[in-house]
Structures are given as C-alpha cells and as structure tokens.
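Engineer: Dropping in my_file39.cif, with mmCIF, C-alpha atoms.
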```cif
data_query
loop_
_atom_site.label_atom_id
_atom_site.label_comp_id
_atom_site.auth_asym_id
_atom_site.auth_seq_id
_atom_site.Cartn_x
_atom_site.Cartn_y
_atom_site.Cartn_z
CA MET A 676 105.03 135.56 128.83
CA ILE A 677 105.44 133.94 125.43
CA ASN A 678 109.22 134.05 125.88
CA VAL A 679 108.91 132.14 129.17
CA ILE A 680 106.92 129.41 127.38
CA ILE A 681 109.46 129.22 124.55
CA ILE A 682 112.37 128.94 126.99
CA PHE A 683 110.57 126.28 129.04
CA ILE A 684 109.82 124.20 125.94
CA GLY A 685 113.41 124.62 124.76
CA ILE A 686 114.75 123.35 128.08
CA LEU A 687 112.37 120.36 127.95
CA MET A 688 113.55 119.62 124.41
CA ALA A 689 117.19 119.69 125.54
CA ILE A 690 116.40 117.37 128.45
CA SER A 691 114.62 114.86 126.21
CA ALA A 692 117.49 115.01 123.70
CA ILE A 693 120.01 114.22 126.47
CA PHE A 694 117.77 111.39 127.66
CA ALA A 695 117.60 110.00 124.11
CA VAL A 696 121.41 109.88 123.95
CA GLU A 697 122.03 108.60 127.46
CA SER A 698 119.26 106.03 128.00
CA LYS A 699 120.29 102.38 128.27
CA LYS A 700 117.40 100.88 126.29
CA ILE A 701 116.99 101.82 122.63
CA ILE A 702 113.20 101.91 122.84
CA ASP A 703 113.45 104.64 125.51
CA SER A 704 115.55 106.69 123.09
CA PHE A 705 112.82 106.38 120.47
CA ILE A 706 110.18 107.61 122.91
CA ALA A 707 112.40 110.54 123.93
CA LEU A 708 113.00 111.45 120.28
CA SER A 709 109.25 111.38 119.67
CA LEU A 710 108.74 113.62 122.70
CA MET A 711 111.33 116.05 121.34
CA SER A 712 109.51 116.22 118.00
CA LEU A 713 106.22 116.85 119.79
CA LEU A 714 107.73 119.71 121.81
CA SER A 715 109.20 121.22 118.67
CA VAL A 716 105.66 121.17 117.22
CA PHE A 717 104.58 123.48 120.08
CA LEU A 718 107.54 125.71 119.31
CA PHE A 719 106.64 125.89 115.61
CA VAL A 720 103.04 126.77 116.44
CA ILE A 721 104.19 129.56 118.77
CA MET A 722 106.51 130.87 116.06
CA LYS A 723 103.59 131.05 113.55
CA ALA A 724 104.73 128.27 111.23
CA PRO A 725 101.68 125.95 111.10
CA ASP A 726 102.74 124.24 107.87
CA VAL A 727 106.02 123.10 109.39
CA ALA A 728 104.21 122.17 112.61
CA ILE A 729 101.72 119.85 110.94
CA THR A 730 104.47 118.19 108.90
CA GLU A 731 106.65 117.73 111.98
CA ALA A 732 103.72 116.29 113.96
CA SER A 733 102.86 113.72 111.32
CA VAL A 734 106.38 112.77 110.20
CA GLY A 735 108.59 113.39 113.25
CA ALA A 736 106.30 112.41 116.08
CA GLY A 737 104.13 109.89 114.25
CA LEU A 738 105.60 107.81 111.47
CA THR A 739 109.32 108.03 112.35
CA THR A 740 108.71 106.42 115.74
CA ALA A 741 106.70 103.62 114.15
CA VAL A 742 109.37 102.98 111.50
CA LEU A 743 112.15 102.98 114.14
CA VAL A 744 110.25 100.53 116.35
CA LEU A 745 109.57 98.24 113.37
CA ALA A 746 113.25 98.40 112.36
CA LEU A 747 114.31 97.58 115.94
CA ARG A 748 112.02 94.56 115.89
CA LYS A 749 113.52 93.52 112.57
CA ILE A 750 117.11 93.51 113.86
CA GLY A 751 116.07 91.34 116.78
CA GLY A 752 115.10 93.51 119.68
CA ASP A 753 117.04 95.32 122.36
CA LYS A 754 119.68 92.71 123.12
CA GLU A 755 123.35 93.49 123.67
CA MET B 1069 133.01 113.43 132.10
CA ARG B 1070 130.89 112.84 129.00
CA ARG B 1071 127.74 113.80 130.85
CA PHE B 1072 129.39 116.95 132.16
CA LEU B 1073 130.56 117.93 128.67
CA SER B 1074 127.15 117.31 127.11
CA ALA B 1075 125.44 119.31 129.86
CA LEU B 1076 127.91 122.14 129.27
CA ILE B 1077 127.21 122.11 125.52
CA VAL B 1078 123.46 122.13 126.12
CA LEU B 1079 123.79 124.99 128.60
CA GLY B 1080 125.74 126.97 126.04
CA LEU B 1081 123.09 126.27 123.42
CA ILE B 1082 120.35 127.40 125.80
CA MET B 1083 122.22 130.63 126.56
CA PHE B 1084 122.63 131.24 122.84
CA PHE B 1085 118.93 130.54 122.30
CA ILE B 1086 117.87 132.97 125.04
CA SER B 1087 120.23 135.69 123.90
CA THR B 1088 118.99 135.52 120.30
CA LEU B 1089 115.27 135.56 121.17
CA PRO B 1090 114.90 139.37 121.29
CA LEU B 1091 116.21 139.50 117.74
CA ILE B 1092 113.05 137.80 116.40
CA PRO B 1093 110.52 140.50 115.52
CA GLU B 1094 106.97 140.36 116.84
CA PHE B 1095 104.27 138.85 114.67
CA GLY B 1096 103.18 141.21 111.95
CA LYS B 1097 105.89 143.75 112.71
CA ALA B 1098 108.74 142.30 110.70
CA SER B 1099 110.18 144.59 108.06
CA LEU B 1100 109.66 142.63 104.87
CA SER B 1101 111.57 143.01 101.67
CA LYS B 1102 109.92 143.93 98.38
CA VAL B 1103 109.81 140.31 97.21
CA SER B 1104 108.11 138.99 100.39
CA ARG B 1105 105.60 141.83 100.24
CA ALA B 1106 104.81 140.92 96.64
CA PHE B 1107 104.35 137.24 97.53
CA ILE B 1108 101.98 138.07 100.42
CA ASP B 1109 99.88 140.66 98.61
CA LYS B 1110 99.99 138.57 95.45
CA ASP B 1111 98.07 141.17 93.45
CA VAL B 1112 100.77 141.23 90.84
CA ASN B 1113 98.51 141.78 87.84
CA GLY B 1114 98.97 145.52 88.19
CA ASN B 1115 95.50 146.30 89.55
CA GLY B 1116 96.79 147.77 92.80
CA GLY B 1117 95.26 147.35 96.25
CA ASN B 1118 95.50 144.47 98.72
CA VAL B 1119 94.09 140.98 98.36
CA GLN B 1120 90.83 140.33 100.24
CA TYR B 1121 89.91 136.82 101.37
CA GLY B 1122 86.82 135.55 99.55
CA VAL B 1123 86.54 138.61 97.31
CA SER B 1124 89.57 138.93 95.05
CA LYS B 1125 89.29 137.14 91.72
CA ASP B 1126 91.67 135.91 89.02
CA LEU B 1127 94.93 136.57 90.81
CA GLU B 1128 98.20 135.24 89.51
CA ASN B 1129 98.17 132.22 91.84
CA GLY B 1130 95.00 132.41 93.95
CA ALA B 1131 96.00 130.12 96.84
CA ALA B 1132 95.05 131.40 100.30
CA ASN B 1133 98.05 129.63 101.85
CA VAL B 1134 101.19 131.50 100.82
CA VAL B 1135 103.49 128.56 101.62
CA THR B 1136 101.49 126.27 99.32
CA SER B 1137 101.50 128.83 96.52
CA ILE B 1138 105.29 128.86 96.66
CA VAL B 1139 105.82 125.11 97.15
CA VAL B 1140 103.40 123.86 94.49
CA ASP B 1141 103.24 126.73 92.02
CA TYR B 1142 106.28 128.99 91.94
CA ARG B 1143 108.75 126.27 93.01
CA SER B 1144 106.88 123.22 91.74
CA PHE B 1145 109.95 121.77 90.05
CA ASP B 1146 111.67 121.56 93.47
CA THR B 1147 108.67 119.62 94.77
CA LEU B 1148 108.96 117.21 91.84
CA GLY B 1149 112.58 116.62 92.88
CA GLU B 1150 111.53 116.14 96.49
CA VAL B 1151 108.99 113.50 95.49
CA THR B 1152 111.74 111.80 93.48
CA VAL B 1153 114.00 111.74 96.57
CA LEU B 1154 111.22 110.08 98.57
CA PHE B 1155 110.67 107.57 95.75
CA THR B 1156 114.39 106.73 95.73
CA SER B 1157 114.48 106.13 99.49
CA ALA B 1158 111.37 103.91 99.29
CA LEU B 1159 113.05 102.01 96.45
CA GLY B 1160 116.17 101.52 98.61
CA VAL B 1161 114.11 100.12 101.50
CA GLY B 1162 112.29 97.84 99.08
CA ILE B 1163 115.54 96.52 97.57
CA ILE B 1164 117.21 95.92 100.94
CA LEU B 1165 114.22 94.21 102.54
CA SER B 1166 112.98 92.24 99.52
CA GLY B 1167 112.95 88.47 99.56
CA TYR B 1168 111.56 88.08 103.06
CA LYS B 1169 108.35 86.10 103.39
CA ARG B 1170 105.73 87.43 105.73
CA LYS B 1171 105.61 85.37 108.90
CA LYS B 1172 102.16 84.58 110.18
CA PHE B 1173 101.61 83.84 113.84
CA GLY B 1174 98.25 82.19 113.26
CA ARG B 1175 96.47 84.00 116.07
CA GLU B 1176 94.25 87.02 116.15
CA PRO B 1177 95.69 90.33 117.37
CA ASN B 1178 94.46 92.04 120.48
CA PHE B 1179 90.70 92.57 120.75
CA ILE B 1180 91.07 96.22 121.81
CA LEU B 1181 93.34 96.91 118.83
CA ARG B 1182 90.98 95.26 116.32
CA VAL B 1183 87.85 97.08 117.54
CA SER B 1184 89.48 100.49 117.98
CA VAL B 1185 91.08 100.32 114.52
CA GLY B 1186 87.60 99.86 113.08
CA ILE B 1187 86.47 103.04 114.79
CA LEU B 1188 89.61 105.14 114.34
CA LEU B 1189 90.70 104.26 110.82
CA PRO B 1190 87.93 106.11 108.89
CA LEU B 1191 88.59 109.23 110.96
CA ILE B 1192 92.35 109.04 110.32
CA LEU B 1193 91.89 108.53 106.58
CA LEU B 1194 89.32 111.34 106.43
CA PHE B 1195 91.66 113.72 108.26
CA GLY B 1196 94.55 112.86 105.95
CA ALA B 1197 92.37 113.44 102.88
CA TYR B 1198 91.14 116.73 104.35
CA VAL B 1199 94.72 117.89 104.95
CA PHE B 1200 95.82 117.33 101.38
CA ILE B 1201 92.60 118.40 99.63
CA HIS B 1202 92.57 121.71 101.56
CA GLY B 1203 96.31 122.24 101.14
CA HIS B 1204 95.82 125.55 99.32
CA LEU B 1205 93.45 126.95 101.98
CA THR B 1206 94.69 125.71 105.37
CA PRO B 1207 98.08 124.66 106.74
CA GLY B 1208 99.22 121.27 105.56
CA GLY B 1209 99.39 119.69 102.16
CA GLY B 1210 100.37 116.57 100.30
CA PHE B 1211 103.30 115.48 102.43
CA PRO B 1212 101.68 115.55 105.92
CA GLY B 1213 98.37 114.27 104.51
CA GLY B 1214 100.08 111.30 102.89
CA THR B 1215 101.99 110.59 106.09
CA ILE B 1216 98.76 110.57 108.13
CA ILE B 1217 97.21 108.11 105.66
CA ALA B 1218 100.32 105.91 105.90
CA ALA B 1219 99.94 105.89 109.70
CA GLY B 1220 96.36 104.65 109.23
CA ILE B 1221 97.61 101.90 106.90
CA LEU B 1222 100.15 100.92 109.57
CA LEU B 1223 97.25 100.45 112.01
CA LEU B 1224 95.55 98.19 109.45
CA TYR B 1225 98.72 96.10 109.11
CA LEU B 1226 99.03 95.75 112.88
CA SER B 1227 95.41 94.74 113.40
CA ASN B 1228 94.99 92.20 110.59
CA GLU B 1229 97.50 89.50 109.69
CA GLU B 1230 95.96 88.69 106.31
CA PHE B 1231 96.03 92.31 105.16
CA ASP B 1232 98.24 92.95 102.15
CA LEU B 1233 98.35 96.11 100.07
CA SER B 1234 101.65 95.89 98.19
CA LYS B 1235 100.17 95.53 94.67
CA THR B 1236 97.75 98.48 95.13
CA VAL B 1237 100.49 100.62 96.62
CA LYS B 1238 102.75 100.16 93.60
CA PHE B 1239 99.86 100.89 91.21
CA VAL B 1240 98.75 104.09 93.01
CA GLU B 1241 102.33 105.33 93.34
CA GLY B 1242 103.13 104.87 89.66
CA ILE B 1243 99.87 106.39 88.43
CA SER B 1244 100.02 109.51 90.64
CA GLY B 1245 103.73 110.11 90.03
CA SER B 1246 103.33 109.97 86.27
CA LEU B 1247 100.17 112.13 86.42
CA TYR B 1248 102.23 114.84 88.17
CA VAL B 1249 104.67 114.87 85.26
CA ILE B 1250 101.77 114.78 82.77
CA VAL B 1251 100.21 117.88 84.40
CA GLY B 1252 103.57 119.60 84.02
CA LEU B 1253 103.80 118.56 80.38
CA LEU B 1254 100.25 119.88 79.79
CA GLY B 1255 101.45 123.25 81.07
CA LEU B 1256 104.37 122.99 78.66
CA ALA B 1257 101.96 122.27 75.79
CA VAL B 1258 99.49 125.03 76.69
CA SER B 1259 101.73 127.90 77.76
CA GLY B 1260 105.25 126.86 76.92
CA VAL B 1261 106.50 126.57 80.53
CA PHE B 1262 106.85 123.29 82.43
CA LEU B 1263 104.40 123.03 85.39
CA ILE B 1264 102.84 126.44 84.79
CA ASN B 1265 99.47 127.22 86.41
CA PHE B 1266 97.35 127.08 83.25
CA LEU B 1267 93.86 126.70 84.78
CA PRO B 1268 91.70 129.68 85.91
CA THR B 1269 92.50 130.64 89.49
CA GLY B 1270 89.04 131.65 90.76
CA VAL B 1271 88.19 133.42 94.02
CA VAL B 1272 90.69 133.33 96.90
CA GLY B 1273 89.43 130.97 99.62
CA ASN B 1274 87.14 128.74 97.58
CA LEU B 1275 87.79 125.02 97.40
CA PHE B 1276 87.91 125.10 93.61
CA SER B 1277 90.45 127.84 93.19
CA SER B 1278 94.11 128.46 92.39
CA GLY B 1279 94.24 126.34 89.25
CA ILE B 1280 96.41 123.24 89.31
CA VAL B 1281 97.56 123.63 92.94
CA PRO B 1282 94.84 121.38 94.53
CA ILE B 1283 95.20 118.83 91.71
CA ILE B 1284 98.95 118.55 92.24
CA TYR B 1285 98.57 118.39 96.03
CA ILE B 1286 96.03 115.56 95.76
CA LEU B 1287 98.44 113.67 93.48
CA ILE B 1288 101.33 114.29 95.92
CA GLY B 1289 99.14 113.12 98.81
CA PHE B 1290 98.35 109.84 97.06
CA LYS B 1291 101.98 109.33 96.04
CA VAL B 1292 103.48 110.06 99.47
CA GLY B 1293 100.82 107.96 101.21
CA ALA B 1294 101.48 105.03 98.89
CA GLU B 1295 105.27 105.28 99.25
CA LEU B 1296 105.26 105.50 103.04
CA SER B 1297 102.69 102.68 103.24
CA GLY B 1298 105.05 100.62 101.10
CA ILE B 1299 107.97 101.35 103.48
CA VAL B 1300 105.82 100.42 106.48
CA ALA B 1301 104.68 97.21 104.78
CA GLU B 1302 108.26 96.21 103.91
CA LEU B 1303 109.39 96.82 107.49
CA HIS B 1304 106.38 95.04 108.96
CA ARG B 1305 107.18 91.76 107.21
CA GLU B 1306 109.02 89.63 109.71
CA GLY B 1307 112.35 88.36 108.36
#
```
Written as structure tokens, how would this file's structure read?

Structural biologist:
Amino acid sequence: MINVIIIFIGILMAISAIFAVESKKIIDSFIALSLMSLLSVFLFVIMKAPDVAITEASVGAGLTTAVLVLALRKIGGDKE
Amino acid sequence: MRRFLSALIVLGLIMFFISTLPLIPEFGKASLSKVSRAFIDKDVNGNGGNVQYGVSKDLENGAANVVTSIVVDYRSFDTLGEVTVLFTSALGVGIILSGYKRKKFGREPNFILRVSVGILLPLILLFGAYVFIHGHLTPGGGFPGGTIIAAGILLLYLSNEEFDLSKTVKFVEGISGSLYVIVGLLGLAVSGVFLINFLPTGVVGNLFSSGIVPIIYILIGFKVGAELSGIVAELHREG
C-alpha cells in the first residue's frame, strides 16, 4: 500500500517537473516547481525524514516561490 | 522530438525508482552500523542500557532529536560554515540590488490582504519561534524556523507600503552571528575545544536540556530569519 502511494507521488512529481520545463508562461513554471516541492514533502514524511520535510516545506514550497515571483517582477514581467 | 525524449528519460527514471524501492528496508528493521547505533542510543558515558525519554539524565548530548544533536553539537562547525554561506549569498543579493529607491504607489493594498495579515502574522511568527526553540525536541530547527519568520515578514512588506525593516535586520543578523562565534569561543575557553557542549545536559525531553544546543538554534533562527528577510526586502524594492 505504502509503495503504491510512493509511486503515485513520484509520477505526479515527474509530471509537474515536465510541466515546469514545458510551460509557456514563466509564472506557471514557478507554480509547478512549488507543487513539486510540496509533493516531495509528502515523500519525505513517508520515508521518515521529518526534519528534511519541514525544511523543504518552508524553503522549497514557501520562500523560493515568493523570491522567484519577486525576481520575475523585478526583471519586468513575463514578456518575450 | 524533445517532448518524446524527455518523456523517455522520465519513464526510465520511474522504472529505476520502482526497481530500487524494495532495496529500502522497512522502518525500524534496518541493520545499523556500530556508529549509528551509538548515535541513537547516545548512552556513551559507559553506564550501559538504553536511553529512556524523560528519564535519562546527564547524557553526552541530551537532545531528543538525533538529527539536531548531530547538526548543532557533533558537527557544529559545519553549521557555522553553512550560516556563512547563507550570509555570503545574502550579501551578494544586497550588493547587486543596492542603489534602488523604493517606489511607492501611494495607494493602500487590498483590504483582504491587510486584515488577514493582521490575523495571520502573529500565528506565523509564533510557529516559526516554536520550530526553532523546540529544535532539540521536535523536527525542525533554526533554518526552517527562520524561513517561516521571513515568510511572515514578506507578508508584512506586501501589506504595508511604509514598512521598512532593513536597519533592524542588519543589527539582528550581526548580533546573532557574532554571538554564535562567541559561544564557540566560550567552549574553547572552558574546555579547550571550539563549540564544545560545556553546559549541563539535563533530562532528555525537557525544554531546558542538552546544553548549548537550544541556545545555538535560537541564534541560528534569528540569523537565518534576518538574512532571508533582508533578501526579501531587497527584492521587494521596485527598481
């Protein structure tokens, strides 16, 4: 059962990673990267690494997205 | 073609992932080496017997969280280097983005944002402080706690145009970073080893236990929170 959950989350992570590479708008890539970090948090919790999970949740899913969005706004938005 | 290739690579990675899963042992059934066993039992004073939560006294380290006892006590010098790396990256962001004046739009931010920040911000700051104060008892520690506090500061920046914290951030960062080194030098003065755990370690599981570990994690929490708040503030200023 636990293996099925791990495989499902892994497949979702791969899909969101592909979406982050292939999406046309940069802001969509940021959201997909954040989603991938959040899914990896589930994976860390399942694999009994709560310290890594809480760090990944706060840094990867939280602050990195905010910093990327602020940097995107600083370079002038999503224009070609 | 590119899509096909990337899908193929991902499929290969998934197959590799699935095929290596049975190699991971079940929880609690891994065959540990002598060193890992010693770190987990931690009763290395030669008394024998296992460590009991809330009962065992005056152990070598005394932190209930094994990861914290390694990160902040046995490998504390590595953590000092890690904090230095974070300081250097914050310095780089500050140098690149310095010289921009903060642009003010002259209108109030969204009503929902302003009101909900007033409700949410104390809870976020409290949770961040809890995470780094209880770093030696529960999962977490200085780095995630500081990051959570920096996220709260980001909310403050978004909700209030007049808000400015750059002077305080520099002060807190400098004070806590130098206090970390001073704690290490105190260990050098008392016991002859840099960053040694020179305070009494107490009972496993109490808040006031494991010597200098909670002190150092509180300092790291303040330092990381101040540095990341500084990065957020530099990026938030409109060029």

Engineer: Considering only C-alpha atoms, state which residue in the set B:Thr1152, B:Asn1133, B:Ser1244, B:Thr1147 is at the smallest distance from chain A.

Structural biologist: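 Under the stated criterion, the closest residue is B:Asn1133.
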
Engineer: I'd like to see the residues matched by the PyMOL selection byres ((chain B and resi 1240) around 12) on this file, and ideally I'd get them as a PyMOL selection string.

Structural biologist: chain B and resi 1233-1239+1241-1247+1287-1295+1297-1298

Engineer: Rounded to one decimal in Å, what is the spacing between CA of Ile693 in chain A and CA of Met1069 in chain B?

Structural biologist: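 Interatomic distance, CA of Ile693 in chain A to CA of Met1069 in chain B: 14.2 Å.
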
Engineer: What lies within 6 Å of range 1224-1231 of chain B using all atoms listed in the file, ignoring chain neighbours under 2 positions off, as a count of residues only?

Structural biologist: 4

Engineer: How many Å separate CA of Val1134 in chain B from CA of Leu1205 in chain B?

Structural biologist: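 About the pair CA of Val1134 in chain B and CA of Leu1205 in chain B: they are 9.1 Å apart.
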
Engineer: Run the PyMOL selection byres ((chain A) within 12 of (chain B)) against the file shown and list the residues it catches, as an MDAnalysis selection string.

Structural biologist: chainID A and resid 677:694 696:698 720:751

Engineer: What is the CA of Leu1073 in chain B-CA of Leu718 in chain A distance in Å, reported with one decimal?

Structural biologist: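 Rounded to one decimal, the two atoms are 26.0 Å apart.
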
Engineer: Need a file for range 701-728 of chain A from that block: N, CA and C atoms, written as a tab-separated table (two decimals), in the first residue's frame.

Structural biologist:
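File written: part-v2.tsv
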```
chain	number	residue	atom	x	y	z
A	701	ILE	N	6.28	31.83	-17.57
A	701	ILE	CA	7.26	31.53	-16.52
A	701	ILE	C	6.57	31.34	-15.18
A	702	ILE	N	5.49	32.10	-14.94
A	702	ILE	CA	4.83	32.03	-13.65
A	702	ILE	C	4.21	30.64	-13.44
A	703	ASP	N	3.77	30.00	-14.54
A	703	ASP	CA	3.27	28.63	-14.43
A	703	ASP	C	4.37	27.66	-14.01
A	704	SER	N	5.60	27.92	-14.52
A	704	SER	CA	6.72	27.07	-14.12
A	704	SER	C	6.98	27.19	-12.62
A	705	PHE	N	6.86	28.42	-12.10
A	705	PHE	CA	7.10	28.61	-10.67
A	705	PHE	C	6.08	27.81	-9.85
A	706	ILE	N	4.80	27.88	-10.29
A	706	ILE	CA	3.77	27.16	-9.55
A	706	ILE	C	4.03	25.66	-9.61
A	707	ALA	N	4.45	25.17	-10.78
A	707	ALA	CA	4.71	23.73	-10.91
A	707	ALA	C	5.90	23.31	-10.06
A	708	LEU	N	6.93	24.18	-9.99
A	708	LEU	CA	8.08	23.86	-9.12
A	708	LEU	C	7.66	23.80	-7.67
A	709	SER	N	6.79	24.75	-7.27
A	709	SER	CA	6.29	24.75	-5.89
A	709	SER	C	5.51	23.48	-5.60
A	710	LEU	N	4.70	23.06	-6.58
A	710	LEU	CA	3.92	21.82	-6.42
A	710	LEU	C	4.85	20.62	-6.28
A	711	MET	N	5.96	20.62	-7.04
A	711	MET	CA	6.89	19.51	-6.96
A	711	MET	C	7.54	19.46	-5.57
A	712	SER	N	7.88	20.63	-5.04
A	712	SER	CA	8.45	20.66	-3.68
A	712	SER	C	7.46	20.13	-2.66
A	713	LEU	N	6.18	20.51	-2.83
A	713	LEU	CA	5.16	20.08	-1.88
A	713	LEU	C	4.99	18.56	-1.92
A	714	LEU	N	5.00	17.99	-3.14
A	714	LEU	CA	4.88	16.53	-3.26
A	714	LEU	C	6.08	15.83	-2.66
A	715	SER	N	7.27	16.44	-2.83
A	715	SER	CA	8.45	15.80	-2.24
A	715	SER	C	8.39	15.86	-0.71
A	716	VAL	N	7.66	16.86	-0.16
A	716	VAL	CA	7.45	16.88	1.29
A	716	VAL	C	6.69	15.64	1.74
A	717	PHE	N	5.62	15.28	0.99
A	717	PHE	CA	4.89	14.04	1.31
A	717	PHE	C	5.82	12.84	1.30
A	718	LEU	N	6.67	12.81	0.26
A	718	LEU	CA	7.59	11.68	0.12
A	718	LEU	C	8.55	11.60	1.30
A	719	PHE	N	9.07	12.77	1.73
A	719	PHE	CA	9.99	12.77	2.87
A	719	PHE	C	9.29	12.30	4.14
A	720	VAL	N	8.01	12.72	4.31
A	720	VAL	CA	7.29	12.30	5.51
A	720	VAL	C	7.08	10.79	5.50
A	721	ILE	N	6.74	10.23	4.32
A	721	ILE	CA	6.54	8.79	4.23
A	721	ILE	C	7.85	8.05	4.53
A	722	MET	N	8.97	8.63	4.07
A	722	MET	CA	10.26	7.97	4.28
A	722	MET	C	10.87	8.30	5.63
A	723	LYS	N	10.08	8.83	6.60
A	723	LYS	CA	10.50	9.05	7.98
A	723	LYS	C	11.67	10.02	8.09
A	724	ALA	N	11.60	11.13	7.34
A	724	ALA	CA	12.62	12.16	7.48
A	724	ALA	C	11.94	13.49	7.76
A	725	PRO	N	11.34	13.68	8.96
A	725	PRO	CA	10.55	14.89	9.21
A	725	PRO	C	11.38	16.17	9.22
A	726	ASP	N	12.65	16.08	9.60
A	726	ASP	CA	13.48	17.29	9.59
A	726	ASP	C	13.64	17.84	8.18
A	727	VAL	N	13.96	16.93	7.24
A	727	VAL	CA	14.10	17.36	5.85
A	727	VAL	C	12.75	17.84	5.32
A	728	ALA	N	11.67	17.20	5.74
A	728	ALA	CA	10.35	17.57	5.24
A	728	ALA	C	9.98	18.98	5.64
```
